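Enquirer: Below is run.cif; it holds mmCIF, C-alpha atoms.
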```cif
data_model
#
loop_
_atom_site.label_atom_id
_atom_site.label_comp_id
_atom_site.auth_asym_id
_atom_site.auth_seq_id
_atom_site.Cartn_x
_atom_site.Cartn_y
_atom_site.Cartn_z
CA MET A 247 -19.79 92.89 54.56
CA SER A 248 -17.00 95.01 56.02
CA ARG A 249 -15.52 97.68 53.76
CA LEU A 250 -12.18 97.51 55.59
CA PRO A 251 -10.41 95.20 53.08
CA PHE A 252 -11.48 97.46 50.19
CA ILE A 253 -10.26 100.57 52.04
CA ILE A 254 -6.89 98.96 52.76
CA ILE A 255 -6.45 97.99 49.10
CA TRP A 256 -7.51 101.47 47.99
CA LEU A 257 -5.04 103.15 50.34
CA PHE A 258 -2.29 100.79 49.23
CA SER A 259 -3.00 101.64 45.61
CA LEU A 260 -2.66 105.36 46.27
CA PHE A 261 0.86 104.88 47.58
CA SER A 262 1.91 102.20 45.10
CA ILE A 263 0.83 103.96 41.90
CA PRO A 264 3.74 106.43 41.75
CA LEU A 265 6.25 103.69 42.59
CA PHE A 266 5.31 101.55 39.58
CA ALA A 267 4.31 104.37 37.24
CA GLU A 268 7.68 106.13 37.58
CA ASP A 269 9.36 103.39 35.56
CA ALA A 270 6.71 103.24 32.82
CA ASP A 271 6.87 105.05 29.49
CA ILE A 272 3.08 105.47 29.33
CA VAL A 273 0.53 105.64 32.15
CA ALA A 274 -3.16 104.92 31.45
CA PHE A 275 -6.44 105.06 33.38
CA GLY A 276 -10.16 105.10 32.69
CA ASP A 277 -12.83 103.00 30.98
CA HIS A 278 -13.02 99.32 31.92
CA SER A 279 -13.33 97.84 28.40
CA LEU A 280 -10.31 99.65 27.01
CA TRP A 281 -8.43 98.98 30.26
CA VAL A 282 -8.97 95.24 29.74
CA LEU A 283 -7.83 95.41 26.11
CA ALA A 284 -4.75 97.49 26.98
CA ASN A 285 -3.88 95.05 29.74
CA ASP A 286 -4.11 92.17 27.26
CA ILE A 287 -1.88 93.79 24.65
CA LYS A 288 0.69 95.63 26.79
CA ASN A 289 3.23 92.80 26.72
CA THR A 290 2.94 92.40 22.95
CA PHE A 291 3.24 96.18 22.58
CA LYS A 292 6.40 96.24 24.69
CA LYS A 293 7.89 93.33 22.78
CA ASP A 294 7.20 95.05 19.45
CA THR A 295 8.21 98.59 20.44
CA GLY A 296 10.22 98.47 23.65
CA ILE A 297 7.71 100.88 25.23
CA SER A 298 6.22 99.99 28.62
CA LEU A 299 2.62 100.71 29.61
CA TYR A 300 1.42 101.04 33.20
CA LEU A 301 -2.30 100.75 33.89
CA ILE A 302 -3.40 102.39 37.11
CA PRO A 303 -5.29 99.67 39.04
CA GLU A 304 -8.96 100.02 38.26
CA PHE A 305 -11.37 99.92 41.09
CA ALA A 306 -13.12 101.71 38.24
CA ILE A 307 -15.91 99.21 37.86
CA GLU A 308 -18.23 101.13 40.20
CA GLY A 309 -17.21 104.57 39.03
CA LYS A 310 -17.39 106.54 35.82
CA GLY A 311 -14.51 105.25 33.72
CA CYS A 312 -14.79 107.95 31.07
CA ALA A 313 -14.62 110.71 33.69
CA LYS A 314 -11.50 109.15 35.19
CA GLY A 315 -9.90 108.83 31.78
CA ILE A 316 -10.60 112.48 30.98
CA LEU A 317 -9.25 113.72 34.32
CA HIS A 318 -6.12 111.58 34.10
CA ALA A 319 -5.27 112.77 30.60
CA SER A 320 -6.05 116.44 31.26
CA GLY A 321 -3.78 116.48 34.30
CA GLY A 322 -0.83 114.87 32.56
CA SER A 323 1.42 115.23 29.55
CA PRO A 324 0.48 114.30 25.95
CA ASP A 325 3.55 112.10 25.46
CA ARG A 326 2.96 109.92 28.54
CA ASP A 327 -0.49 110.14 30.15
CA ILE A 328 -3.46 108.65 28.31
CA GLY A 329 -7.10 108.42 29.28
CA LEU A 330 -9.34 105.53 28.27
CA VAL A 331 -12.96 106.32 27.32
CA CYS A 332 -15.89 104.26 26.00
CA CYS A 333 -18.35 106.97 24.95
CA LYS A 334 -18.69 109.53 22.21
CA LEU A 335 -17.68 112.49 24.36
CA ASN A 336 -19.67 115.67 24.86
CA PRO A 337 -17.86 118.37 22.78
CA ASP A 338 -18.25 120.89 25.62
CA ILE A 339 -16.39 118.55 28.00
CA VAL A 340 -13.68 117.91 25.39
CA LYS A 341 -13.20 121.66 25.06
CA LYS A 342 -13.35 122.31 28.80
CA TYR A 343 -10.56 119.85 29.60
CA GLY A 344 -8.45 120.59 26.52
CA ILE A 345 -8.25 116.99 25.42
CA LYS A 346 -7.86 115.36 22.03
CA VAL A 347 -9.90 112.23 21.23
CA TYR A 348 -8.43 109.31 19.26
CA PRO A 349 -10.88 106.52 18.35
CA VAL A 350 -9.04 103.19 18.37
CA VAL A 351 -11.46 100.21 18.39
CA ARG A 352 -15.13 99.34 18.29
CA GLU A 353 -16.63 96.96 20.85
CA PRO A 354 -20.05 95.26 20.57
CA LEU A 355 -22.66 95.64 23.27
CA ALA A 356 -24.29 92.25 23.77
CA ILE A 357 -27.94 91.73 24.65
CA ILE A 358 -27.95 89.08 27.36
CA VAL A 359 -30.45 86.80 29.10
CA ASN A 360 -30.27 84.13 31.76
CA LYS A 361 -28.75 80.86 30.52
CA ALA A 362 -31.98 79.03 31.35
CA ASN A 363 -33.98 81.24 28.97
CA PRO A 364 -34.90 79.25 25.81
CA VAL A 365 -34.91 82.38 23.64
CA SER A 366 -31.75 82.54 21.53
CA GLY A 367 -32.37 85.56 19.35
CA LEU A 368 -34.48 88.67 18.86
CA THR A 369 -35.11 91.18 16.12
CA LEU A 370 -33.88 94.75 16.51
CA LYS A 371 -37.49 95.89 16.86
CA GLN A 372 -38.18 93.32 19.57
CA VAL A 373 -35.15 94.51 21.56
CA LYS A 374 -36.35 98.10 21.40
CA ASP A 375 -39.91 97.08 22.29
CA ILE A 376 -38.71 95.05 25.29
CA PHE A 377 -36.45 97.77 26.70
CA SER A 378 -39.13 100.42 26.17
CA GLY A 379 -41.78 98.31 27.89
CA ARG A 380 -44.00 97.68 24.85
CA ILE A 381 -43.29 93.94 25.08
CA THR A 382 -43.56 92.71 28.67
CA ARG A 383 -43.79 88.92 28.44
CA TRP A 384 -41.36 86.36 27.01
CA SER A 385 -44.22 84.50 25.31
CA LYS A 386 -44.47 87.40 22.83
CA VAL A 387 -40.98 86.59 21.49
CA GLY A 388 -41.03 82.79 21.56
CA GLY A 389 -40.29 82.22 25.22
CA PRO A 390 -42.27 81.04 28.25
CA ASN A 391 -45.36 82.81 29.51
CA GLU A 392 -43.44 84.77 32.12
CA PRO A 393 -42.85 88.50 32.69
CA ILE A 394 -39.72 90.11 31.27
CA VAL A 395 -37.45 91.77 33.85
CA VAL A 396 -35.46 94.55 32.16
CA ILE A 397 -32.03 95.31 33.64
CA THR A 398 -30.21 98.45 32.52
CA ARG A 399 -26.94 100.24 33.20
CA LEU A 400 -27.52 103.78 31.94
CA HIS A 401 -24.05 105.16 32.55
CA CYS A 402 -22.34 108.34 31.30
CA THR A 403 -25.53 110.26 30.54
CA GLU A 404 -23.48 113.43 29.96
CA HIS A 405 -21.98 111.78 26.85
CA ILE A 406 -23.31 109.42 24.14
CA PRO A 407 -22.73 105.92 25.55
CA ASN A 408 -23.24 102.49 23.98
CA TRP A 409 -26.75 101.94 25.40
CA THR A 410 -28.11 104.86 23.33
CA LYS A 411 -28.05 102.51 20.33
CA ILE A 412 -30.80 100.53 22.09
CA LEU A 413 -32.87 103.60 23.01
CA GLY A 414 -31.67 107.17 22.75
CA SER A 415 -32.62 108.52 26.17
CA PRO A 416 -33.10 107.22 29.73
CA LEU A 417 -36.70 108.43 29.47
CA GLU A 418 -37.38 105.96 26.64
CA PHE A 419 -36.61 102.91 28.80
CA THR A 420 -39.42 101.25 30.71
CA LYS A 421 -40.01 102.71 34.15
CA ARG A 422 -40.17 99.15 35.47
CA SER A 423 -36.51 98.47 34.64
CA LEU A 424 -33.87 97.89 37.30
CA ASN A 425 -30.82 100.10 36.76
CA VAL A 426 -27.55 98.68 38.12
CA SER A 427 -24.31 100.53 38.76
CA SER A 428 -21.62 98.24 37.37
CA GLU A 429 -20.78 95.54 34.84
CA PRO A 430 -20.45 92.80 37.49
CA ASP A 431 -23.85 93.81 38.90
CA MET A 432 -25.38 93.49 35.43
CA ALA A 433 -23.89 90.02 34.90
CA LYS A 434 -24.92 88.82 38.37
CA THR A 435 -28.46 90.19 38.18
CA VAL A 436 -29.15 88.59 34.81
CA SER A 437 -27.54 85.36 36.06
CA ASP A 438 -29.78 85.39 39.15
CA PHE A 439 -33.14 86.05 37.47
CA LYS A 440 -34.49 83.61 34.89
CA GLN A 441 -36.79 86.26 33.39
CA ALA A 442 -34.10 88.97 33.06
CA ILE A 443 -32.71 90.69 29.99
CA GLY A 444 -29.84 93.17 30.00
CA HIS A 445 -26.92 94.58 28.03
CA LEU A 446 -23.21 94.06 28.64
CA GLU A 447 -19.91 94.79 26.95
CA MET A 448 -18.05 91.80 25.52
CA THR A 449 -14.99 92.43 27.70
CA SER A 450 -17.23 92.22 30.77
CA ILE A 451 -18.89 89.03 29.51
CA ALA A 452 -15.43 87.49 29.20
CA GLU A 453 -14.84 88.28 32.88
CA TRP A 454 -18.21 87.82 34.57
CA GLY A 455 -20.60 86.30 32.02
CA LYS A 456 -20.64 82.61 32.93
CA GLY A 457 -24.31 82.73 33.93
CA VAL A 458 -25.61 84.65 30.91
CA LYS A 459 -26.45 83.87 27.30
CA ILE A 460 -25.78 86.22 24.39
CA LEU A 461 -28.69 86.73 22.00
CA SER A 462 -28.41 87.11 18.26
CA ILE A 463 -30.01 90.25 16.80
CA ASP A 464 -31.73 89.69 13.44
CA GLY A 465 -29.60 86.56 13.19
CA TYR A 466 -26.28 88.30 13.85
CA MET A 467 -23.95 88.00 16.83
CA PRO A 468 -21.64 90.55 18.53
CA THR A 469 -18.55 89.37 16.65
CA SER A 470 -15.79 91.28 14.89
CA LYS A 471 -17.01 89.98 11.52
CA ASP A 472 -20.65 91.00 11.97
CA LEU A 473 -19.58 94.35 13.39
CA ILE A 474 -17.20 95.10 10.50
CA GLU A 475 -19.83 94.11 7.94
CA GLY A 476 -22.38 96.42 9.58
CA HIS A 477 -24.84 93.70 10.57
CA TYR A 478 -24.68 93.94 14.35
CA PRO A 479 -26.45 97.09 15.61
CA PHE A 480 -25.13 97.68 19.16
CA TRP A 481 -21.59 98.87 19.71
CA ALA A 482 -19.37 101.66 21.03
CA THR A 483 -16.21 103.30 19.76
CA LEU A 484 -13.51 103.15 22.43
CA SER A 485 -11.06 106.03 22.38
CA ILE A 486 -7.83 107.23 23.91
CA VAL A 487 -7.64 110.86 25.02
CA THR A 488 -4.60 113.04 25.66
CA LYS A 489 -4.03 116.62 26.79
CA GLY A 490 -3.86 118.30 23.41
CA GLU A 491 -2.27 116.46 20.49
CA ALA A 492 -0.75 113.09 21.39
CA LYS A 493 3.02 113.02 21.11
CA GLY A 494 5.95 110.63 21.31
CA LYS A 495 5.36 107.25 22.91
CA ALA A 496 1.69 107.93 23.64
CA LYS A 497 1.07 108.53 19.94
CA ARG A 498 2.95 105.35 19.10
CA PHE A 499 0.62 103.39 21.39
CA ILE A 500 -2.45 104.94 19.78
CA ASP A 501 -1.16 104.12 16.29
CA TYR A 502 -0.28 100.60 17.43
CA ILE A 503 -3.81 99.80 18.63
CA ARG A 504 -5.26 101.25 15.45
CA THR A 505 -3.04 99.39 12.99
CA SER A 506 -1.04 96.49 14.44
CA THR A 507 -1.84 93.06 13.02
CA ASN A 508 -0.19 91.48 16.08
CA ILE A 509 -3.21 92.19 18.29
CA ARG A 510 -5.93 90.98 15.92
CA GLU A 511 -6.45 87.69 17.77
CA ILE A 512 -6.98 89.56 21.05
CA LEU A 513 -9.49 91.87 19.37
CA LEU A 514 -11.39 88.88 17.97
CA LYS A 515 -11.71 87.46 21.49
CA TYR A 516 -13.81 90.49 22.47
CA GLY A 517 -15.63 90.90 19.13
CA MET A 518 -13.72 94.14 18.57
CA HIS A 519 -12.20 95.61 15.45
CA GLN A 520 -9.79 98.45 14.79
CA THR A 521 -11.27 101.76 13.68
CA PRO A 522 -10.56 102.88 10.11
#
```
Take the structure in the file and give it back as structure tokens.

Expert:
Amino acid sequence: MSRLPFIIIWLFSLFSIPLFAEDADIVAFGDHSLWVLANDIKNTFKKDTGISLYLIPEFAIEGKGCAKGILHASGGSPDRDIGLVCCKLNPDIVKKYGIKVYPVVREPLAIIVNKANPVSGLTLKQVKDIFSGRITRWSKVGGPNEPIVVITRLHCTEHIPNWTKILGSPLEFTKRSLNVSSEPDMAKTVSDFKQAIGHLEMTSIAEWGKGVKILSIDGYMPTSKDLIEGHYPFWATLSIVTKGEAKGKAKRFIDYIRTSTNIREILLKYGMHQTP
């Protein structure tokens, strides 16, 4: 498929960003999950505070969202420019770029299979054994006598990303796994292969997850309730970063995500909850 349409859109975005961002009180860029949440709440935030938020268009699906969030924040001002990140950041990188990290919400990481797979739940140990390659057939966990195809997306290895709650290092995952580069690729690959298992953020499932099924883990689902009560084991803390201490309107946005009751319904949609 020709890359020309993508290049045209990308070039257009380079020229259009300053035009729209000039009128905004806050400009944000970075991680996909937090980008989706911010996009969902920006109108409510403006209605409640009068502060406008501009999200730089994210062709960020293929790239490293955390890196883009860090670079955007470190090159801007702490009262206007915010970066969106999904990982627990490497302290050396935080120090290098002079940024301040503000955790705002937690998001579950769902374990997903093809919709045709009869398996509806696994234990935590079974998940770890499957992704490490110790369990290789679905019949071992109540499914058909077919091989398990492990799909991974081992992003942001310089930080501590959400997948490290499954297994702590890329070296611990089975060498037979297929590693994909983006959330849409994960959803499509699991949707295409009946024997597949993978992991995907709830925001991405809302966008691309029509062909996948979410598994329960030890009987618990990736919901806000099970996450708050400490039952669901796979999640990430999403954070906003600024250049030094957040100030002014940027700080108001951070505090708003952390505390506003007006966005609770949106958080529930993604299984998220506000950080303490």

Enquirer: Using all atoms listed in the file for the distances, tell me which of A:Lys361, A:Leu513, A:Ala356, A:Lys421 is nearest to Pro479 in chain A.

Expert: A:Ala356

Enquirer: Using CA of Ile463 in chain A and CA of Leu446 in chain A as the two end points, give the distance in Å to one decimal.

Expert: 14.2 Å

Enquirer: As a check of understanding, name the residues that the PyMOL selection byres ((chain A and resi 405) around 6) selects in the supplied structure, as a ChimeraX atom specification.

Expert: /A:335-336,402-404,406

Enquirer: Find the spatial neighbours of range 500-505 of chain A, counting all atoms listed in the file, within a cut-off of 8 Å - ignore same-chain residues fewer than 5 positions away - and output them as JSON, numbers by chain.

Expert: {"A": [291, 348, 350, 351, 486, 520, 521, 522]}

Enquirer: With 6 Å added on each side, what axis-aligned box encloses every listed atom of range 292-296 of chain A? Give the centre and edge lengths in Å to one decimal, as lines of an AutoDock Vina configuration file.

Expert:
```
center_x = 8.3
center_y = 96.0
center_z = 22.1
size_x = 15.8
size_y = 17.3
size_z = 17.2
```
